[in-house]
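Enquirer: Here you go, this is structure-v7.txt (compact mmCIF, C-alpha atoms).
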```
# COMPACT_ATOMS: atom_id res chain seq x y z
CA ASP H 1 15.91 -5.02 2.68
CA GLN H 2 13.73 -3.14 0.24
CA GLN H 3 12.57 -5.59 -2.40
CA VAL H 4 10.76 -2.81 -4.24
CA LYS H 5 12.63 0.46 -4.66
CA GLN H 6 11.57 3.86 -5.81
CA ASN H 7 14.77 5.85 -5.84
CA SER H 8 13.24 9.22 -6.64
CA PRO H 9 11.40 10.59 -3.62
CA SER H 10 9.98 13.46 -5.63
CA LEU H 11 9.37 14.62 -9.18
CA SER H 12 8.13 17.92 -10.57
CA VAL H 13 6.62 18.13 -14.05
CA GLN H 14 4.86 20.87 -15.95
CA GLU H 15 1.24 20.45 -16.86
CA GLY H 16 0.85 18.85 -20.26
CA ARG H 17 4.25 17.19 -20.21
CA ILE H 18 5.04 13.54 -19.60
CA SER H 19 5.63 12.23 -16.06
CA ILE H 20 7.80 9.15 -15.75
CA LEU H 21 7.96 7.37 -12.42
CA ASN H 22 10.40 4.54 -11.98
CA CYS H 23 10.50 1.43 -9.84
CA ASP H 24 13.04 -1.37 -9.43
CA TYR H 25 12.60 -4.72 -7.76
CA THR H 26 14.95 -7.43 -6.61
CA ASN H 27 12.73 -10.47 -6.06
CA SER H 28 12.58 -12.48 -9.28
CA MET H 29 9.49 -14.27 -7.96
CA PHE H 30 7.39 -11.15 -8.36
CA ASP H 31 5.07 -11.55 -11.31
CA TYR H 32 2.35 -8.98 -10.80
CA PHE H 33 2.98 -5.28 -10.46
CA LEU H 34 0.73 -2.42 -9.51
CA TRP H 35 0.78 1.32 -9.15
CA TYR H 36 -1.20 3.07 -6.48
CA LYS H 37 -1.89 6.77 -6.11
CA LYS H 38 -2.25 8.41 -2.74
CA TYR H 39 -3.61 11.83 -1.89
CA PRO H 40 -2.97 13.39 1.56
CA ALA H 41 -5.19 12.05 4.33
CA GLU H 42 -6.56 9.32 2.06
CA GLY H 43 -5.75 5.69 1.55
CA PRO H 44 -3.87 4.50 -1.54
CA THR H 45 -6.09 3.84 -4.55
CA PHE H 46 -5.31 1.41 -7.31
CA LEU H 47 -4.24 2.98 -10.58
CA ILE H 48 -2.96 0.38 -13.03
CA SER H 49 -1.33 -3.04 -13.02
CA ILE H 50 0.68 -5.34 -15.25
CA SER H 51 1.30 -9.03 -15.29
CA SER H 52 4.77 -10.38 -15.96
CA ILE H 53 3.57 -11.97 -19.20
CA LYS H 54 3.20 -8.49 -20.65
CA ASP H 55 5.63 -5.65 -21.16
CA LYS H 56 3.12 -2.85 -21.49
CA ASN H 57 -0.33 -1.99 -20.23
CA GLU H 58 -2.20 1.16 -21.08
CA ASP H 59 -5.22 2.81 -19.51
CA GLY H 60 -6.06 6.24 -20.82
CA ARG H 61 -3.31 8.65 -19.91
CA PHE H 62 -1.49 6.01 -17.86
CA THR H 63 0.89 3.40 -19.25
CA VAL H 64 3.00 0.96 -17.28
CA PHE H 65 6.07 -0.61 -18.84
CA LEU H 66 7.76 -3.71 -17.49
CA ASN H 67 11.33 -4.79 -18.26
CA LYS H 68 11.72 -8.17 -16.59
CA SER H 69 15.35 -8.66 -17.49
CA ALA H 70 16.22 -5.38 -15.81
CA LYS H 71 13.69 -5.90 -13.01
CA HIS H 72 12.39 -2.44 -13.74
CA LEU H 73 9.01 -0.91 -14.32
CA SER H 74 7.88 2.59 -15.05
CA LEU H 75 4.66 4.55 -15.04
CA HIS H 76 4.11 7.13 -17.76
CA ILE H 77 1.46 9.80 -17.41
CA VAL H 78 0.70 11.73 -20.59
CA PRO H 79 -0.34 14.48 -20.52
CA SER H 80 0.22 15.30 -16.87
CA GLN H 81 -2.52 17.25 -15.11
CA PRO H 82 -2.50 19.17 -11.81
CA GLY H 83 -4.90 16.59 -10.35
CA ASP H 84 -2.19 13.97 -10.84
CA SER H 85 -0.18 15.57 -8.04
CA ALA H 86 0.03 12.84 -5.42
CA VAL H 87 2.33 10.19 -4.02
CA TYR H 88 2.69 7.18 -6.30
CA PHE H 89 3.54 3.78 -4.88
CA CYS H 90 4.87 0.89 -6.87
CA ALA H 91 3.90 -2.55 -5.55
CA ALA H 92 4.60 -6.16 -6.46
CA SER H 93 3.27 -9.57 -5.59
CA VAL H 94 3.99 -13.23 -6.18
CA ALA H 95 1.51 -15.54 -7.93
CA GLY H 96 -0.82 -17.27 -5.56
CA THR H 97 -0.32 -14.82 -2.71
CA ALA H 98 -3.60 -13.08 -3.33
CA SER H 99 -2.68 -9.42 -3.22
CA LYS H 100 0.02 -9.69 -0.57
CA LEU H 101 1.75 -6.61 -1.85
CA THR H 102 5.29 -5.39 -1.29
CA PHE H 103 5.43 -1.64 -1.70
CA GLY H 104 8.12 0.85 -2.52
CA THR H 105 8.63 4.01 -0.52
CA GLY H 106 6.73 6.20 -2.97
CA THR H 107 7.44 9.11 -5.29
CA ARG H 108 5.77 12.45 -4.73
CA LEU H 109 4.68 13.90 -8.07
CA GLN H 110 4.02 17.62 -8.35
CA VAL H 111 2.42 18.81 -11.57
CA THR H 112 2.90 22.52 -11.94
CA LEU H 113 0.90 24.96 -14.04
CA ASP F 114 -20.38 -0.68 -0.65
CA ALA F 115 -18.81 1.96 1.57
CA GLY F 116 -15.33 0.60 1.08
CA VAL F 117 -12.90 -0.32 3.81
CA ILE F 118 -13.73 1.58 6.98
CA GLN F 119 -11.14 2.35 9.62
CA SER F 120 -11.51 3.97 13.01
CA PRO F 121 -10.43 6.18 14.52
CA ARG F 122 -9.01 8.46 11.83
CA HIS F 123 -6.64 10.04 14.31
CA GLU F 124 -5.33 8.78 17.62
CA VAL F 125 -3.05 10.59 20.01
CA THR F 126 -1.92 8.65 23.04
CA GLU F 127 0.75 8.73 25.68
CA MET F 128 3.67 6.36 25.68
CA GLY F 129 2.83 3.17 27.54
CA GLN F 130 -0.87 3.27 26.79
CA GLU F 131 -2.75 0.61 24.87
CA VAL F 132 -3.98 1.54 21.41
CA THR F 133 -6.60 -0.33 19.39
CA LEU F 134 -7.19 0.33 15.72
CA ARG F 135 -10.29 -0.99 14.01
CA CYS F 136 -11.16 -2.07 10.51
CA LYS F 137 -14.26 -3.16 8.63
CA PRO F 138 -13.34 -4.75 5.29
CA ILE F 139 -15.43 -4.73 2.14
CA SER F 140 -18.18 -7.29 2.38
CA GLY F 141 -17.33 -10.52 0.56
CA HIS F 142 -13.59 -9.96 0.57
CA ASP F 143 -11.68 -12.96 1.85
CA TYR F 144 -8.38 -11.24 2.58
CA LEU F 145 -7.59 -8.50 5.06
CA PHE F 146 -4.26 -6.73 5.37
CA TRP F 147 -2.76 -4.35 7.92
CA TYR F 148 -0.07 -1.97 6.62
CA ARG F 149 1.98 0.73 8.28
CA GLN F 150 3.25 3.77 6.41
CA THR F 151 6.39 5.60 7.46
CA MET F 152 8.60 8.03 5.59
CA MET F 153 11.61 5.77 5.76
CA ARG F 154 10.04 2.46 4.80
CA GLY F 155 6.95 3.39 2.85
CA LEU F 156 4.07 0.94 3.19
CA GLU F 157 5.01 -2.15 5.16
CA LEU F 158 2.78 -5.20 5.46
CA LEU F 159 2.32 -6.10 9.11
CA ILE F 160 -0.06 -9.06 8.94
CA TYR F 161 -2.75 -10.51 6.74
CA PHE F 162 -5.73 -12.78 7.21
CA ASN F 163 -7.54 -15.20 4.92
CA ASN F 164 -11.08 -16.07 5.93
CA ASN F 165 -10.41 -14.64 9.40
CA VAL F 166 -7.32 -16.77 9.93
CA PRO F 167 -3.90 -15.06 10.29
CA ILE F 168 -1.68 -16.28 7.46
CA ASP F 169 1.49 -14.26 7.75
CA ASP F 170 2.43 -12.06 10.69
CA SER F 171 6.13 -11.84 9.88
CA GLY F 172 5.83 -8.10 9.43
CA MET F 173 4.62 -7.45 12.96
CA PRO F 174 7.52 -5.53 14.47
CA GLU F 175 7.36 -6.73 18.05
CA ASP F 176 5.30 -8.68 20.51
CA ARG F 177 3.72 -5.39 21.53
CA PHE F 178 1.71 -5.65 18.31
CA SER F 179 -1.19 -8.05 17.96
CA ALA F 180 -4.05 -8.39 15.49
CA LYS F 181 -7.32 -10.27 15.54
CA MET F 182 -10.15 -10.95 13.15
CA PRO F 183 -13.04 -12.40 15.17
CA ASN F 184 -15.37 -12.42 12.15
CA ALA F 185 -15.46 -11.60 8.45
CA SER F 186 -16.50 -8.00 9.02
CA PHE F 187 -14.15 -6.81 11.75
CA SER F 188 -10.47 -6.72 12.61
CA THR F 189 -8.36 -4.99 15.23
CA LEU F 190 -4.72 -4.08 15.51
CA LYS F 191 -3.56 -3.53 19.06
CA ILE F 192 -0.36 -2.02 20.35
CA GLN F 193 0.41 -2.51 24.01
CA PRO F 194 2.32 -0.71 25.36
CA SER F 195 2.68 1.97 22.73
CA GLU F 196 5.97 3.78 22.09
CA PRO F 197 6.77 7.02 20.24
CA ARG F 198 8.40 5.07 17.38
CA ASP F 199 5.02 3.47 16.69
CA SER F 200 3.81 6.82 15.40
CA ALA F 201 2.76 6.27 11.78
CA VAL F 202 -0.28 5.92 9.57
CA TYR F 203 -1.83 2.47 9.78
CA PHE F 204 -3.86 1.21 6.83
CA CYS F 205 -6.24 -1.66 6.58
CA ALA F 206 -6.93 -3.17 3.16
CA SER F 207 -9.05 -6.00 1.81
CA SER F 208 -9.18 -7.96 -1.40
CA PRO F 209 -11.46 -10.56 -2.97
CA GLY F 210 -8.61 -13.05 -3.10
CA ARG F 211 -9.60 -14.61 -6.37
CA LEU F 212 -7.20 -17.02 -8.04
CA MET F 213 -5.80 -14.28 -10.23
CA ASN F 214 -3.84 -11.57 -8.54
CA THR F 215 -5.90 -8.53 -7.91
CA GLU F 216 -5.57 -5.19 -6.28
CA ALA F 217 -6.22 -4.54 -2.62
CA PHE F 218 -8.64 -1.82 -1.53
CA PHE F 219 -7.44 0.47 1.21
CA GLY F 220 -9.18 2.32 3.98
CA GLN F 221 -8.41 5.95 4.76
CA GLY F 222 -5.98 5.04 7.48
CA THR F 223 -5.49 5.84 11.16
CA ARG F 224 -2.84 8.40 11.98
CA LEU F 225 -1.33 7.35 15.29
CA THR F 226 0.76 9.73 17.34
CA VAL F 227 2.41 8.44 20.51
CA VAL F 228 3.80 11.20 22.73
```
Written as C-alpha cells, how would this file's structure read?
Expert:
Amino acid sequence: DQQVKQNSPSLSVQEGRISILNCDYTNSMFDYFLWYKKYPAEGPTFLISISSIKDKNEDGRFTVFLNKSAKHLSLHIVPSQPGDSAVYFCAASVAGTASKLTFGTGTRLQVTL
Amino acid sequence: DAGVIQSPRHEVTEMGQEVTLRCKPISGHDYLFWYRQTMMRGLELLIYFNNNVPIDDSGMPEDRFSAKMPNASFSTLKIQPSEPRDSAVYFCASSPGRLMNTEAFFGQGTRLTVV
C-alpha cells in the first residue's frame, strides 16, 4: 500500500508560469515532509521540507504547503525555469525515525520554453 | 566531503549470478539507508542501519537480498541469486540522525540490469 501518493506522473508547464506538484498521504503519524528533486542518472537531492506544526514553508522560488486535515501537501515553483525540469519526489517521515523516509512514485516536471 | 559514494554505477549480470553493491556514507553520519527505485513503486526503503546495526529490514523483498555494514564507512547490498525482476536503480543514502528529523543525502545510485 502506498502511504505517500503522487497521482500525477507528469506535468508540463511553460517557463515563467507556476508549477504545482501535489502529494497525498495516508499515515496520520507522518509529521515531517520533504520534497526531493532528481535529475537523470543522479541521486535525489533535497529541495525543501516542512514540519507538521507549520502549514507553509518558503525558500526562494519554492514553497511547500501542508494541509494536515486533508493529508495533502503541494510544492509550488514560481516562476518555473527550464532547469527545474526533473522528477520530484514527495517523502514523509515519523518523528523519532531519523530520516526513515517513505517516498511517493514521483512526478516528472517538464518546463517548456 | 565527497558525499555518498556508490559503486559500481552500472551493473549488468546474468540471472542466477551474485551481485554486490557498495556504499560509502558521508563521514559522521549515523544512519545509512538502502533504497530501490522502480517505475511502479518509486523509491522503496529496503533496509536501514544505525551505527552499523540493522534497524529495520522489513523492506527487503526476499531472502535473496542481504545487507551488511561492517564499519561506519562501508556497506554492501547483496543479491544472490539475482533475477530479472531485480533490475532497478539502487540508492544508498545517509543522514546525521540528529534528534530533529532531517533530510537524507543520496548517492548517485547503481543501475542494475539482470538479463
Enquirer: F:Ser207, F:Thr126, F:Ser120, F:Ser140: which is nearest chain H, counting only C-alpha atoms?
Expert: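 Ranked by minimum distance to chain H, first place goes to F:Ser207.
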Enquirer: Just give me the gap between atom CA of F:Ser195 and atom CA of F:Phe218 in Å, one decimal is fine.
Expert: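 Rounded to one decimal, the two atoms are 27.0 Å apart.
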Enquirer: So how far away is atom CA of H:Phe65 from atom CA of H:Ile18, in Å?
Expert: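 Interatomic distance here is 14.2 Å.
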Enquirer: Do a neighbour search on H:Leu73 at 12 Å with all atoms listed in the file, toss out local chain neighbours closer than 2 positions, and write the hits as a VMD selection string.
Expert: chain H and resid 4 to 6 20 to 26 30 to 35 49 to 52 54 to 57 63 to 71 75 to 76 89 to 92 104
Enquirer: Restrict the selected residues to C-alpha atoms and save them as a JSON list (two decimals), in the coordinates of the input.
Expert:
```json
[["chain", "number", "residue", "atom", "x", "y", "z"],
["H", 4, "VAL", "CA", 10.76, -2.81, -4.24],
["H", 5, "LYS", "CA", 12.63, 0.46, -4.66],
["H", 6, "GLN", "CA", 11.57, 3.86, -5.81],
["H", 20, "ILE", "CA", 7.80, 9.15, -15.75],
["H", 21, "LEU", "CA", 7.96, 7.37, -12.42],
["H", 22, "ASN", "CA", 10.40, 4.54, -11.98],
["H", 23, "CYS", "CA", 10.50, 1.43, -9.84],
["H", 24, "ASP", "CA", 13.04, -1.37, -9.43],
["H", 25, "TYR", "CA", 12.60, -4.72, -7.76],
["H", 26, "THR", "CA", 14.95, -7.43, -6.61],
["H", 30, "PHE", "CA", 7.39, -11.15, -8.36],
["H", 31, "ASP", "CA", 5.07, -11.55, -11.31],
["H", 32, "TYR", "CA", 2.35, -8.98, -10.80],
["H", 33, "PHE", "CA", 2.98, -5.28, -10.46],
["H", 34, "LEU", "CA", 0.73, -2.42, -9.51],
["H", 35, "TRP", "CA", 0.78, 1.32, -9.15],
["H", 49, "SER", "CA", -1.33, -3.04, -13.02],
["H", 50, "ILE", "CA", 0.68, -5.34, -15.25],
["H", 51, "SER", "CA", 1.30, -9.03, -15.29],
["H", 52, "SER", "CA", 4.77, -10.38, -15.96],
["H", 54, "LYS", "CA", 3.20, -8.49, -20.65],
["H", 55, "ASP", "CA", 5.63, -5.65, -21.16],
["H", 56, "LYS", "CA", 3.12, -2.85, -21.49],
["H", 57, "ASN", "CA", -0.33, -1.99, -20.23],
["H", 63, "THR", "CA", 0.89, 3.40, -19.25],
["H", 64, "VAL", "CA", 3.00, 0.96, -17.28],
["H", 65, "PHE", "CA", 6.07, -0.61, -18.84],
["H", 66, "LEU", "CA", 7.76, -3.71, -17.49],
["H", 67, "ASN", "CA", 11.33, -4.79, -18.26],
["H", 68, "LYS", "CA", 11.72, -8.17, -16.59],
["H", 69, "SER", "CA", 15.35, -8.66, -17.49],
["H", 70, "ALA", "CA", 16.22, -5.38, -15.81],
["H", 71, "LYS", "CA", 13.69, -5.90, -13.01],
["H", 75, "LEU", "CA", 4.66, 4.55, -15.04],
["H", 76, "HIS", "CA", 4.11, 7.13, -17.76],
["H", 89, "PHE", "CA", 3.54, 3.78, -4.88],
["H", 90, "CYS", "CA", 4.87, 0.89, -6.87],
["H", 91, "ALA", "CA", 3.90, -2.55, -5.55],
["H", 92, "ALA", "CA", 4.60, -6.16, -6.46],
["H", 104, "GLY", "CA", 8.12, 0.85, -2.52]]
```
Enquirer: For stretch 167-184 of chain F, work out the shell of residues within 12 Å, counting only C-alpha atoms and skipping chain neighbours fewer than 3 positions away, then give it as a ChimeraX atom specification.
Expert: /H:97-98,100,102 /F:129-138,140-149,156-164,187-196,198-199,205
Enquirer: For a quick check of understanding, using all atoms listed in the file, which of F:Ala185, F:Val227, F:Met152, F:Val166 has the smallest distance to chain H?
Expert: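 Ranked by minimum distance to chain H, first place goes to F:Met152.
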Enquirer: Which of these, H:Val111, H:Phe46, H:Gly16, H:Asn7, has the shortest distance to F:Ala206 once you count all atoms listed in the file?
Expert: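 Among the listed residues, the smallest separation from F:Ala206 belongs to H:Phe46.
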Enquirer: Select all residues from chain F having any atom no more than 6 Å from an atom of chain H (counting only C-alpha atoms, ignoring ligands), output as a PyMOL selection string.
Expert: chain F and resi 154-156+210+214-216+219-222
Enquirer: Report, in Å with one decimal, the straight-line distance from atom CA of H:Tyr88 to atom CA of H:Met29.
Expert: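 It comes out at 22.6 Å.
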Enquirer: Between F:Gln150, F:Gln119, F:Ser200, F:Thr226, which one has atoms that come closest to H:Lys38, using all atoms listed in the file?
Expert: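 Ranked by minimum distance to H:Lys38, first place goes to F:Gln150.
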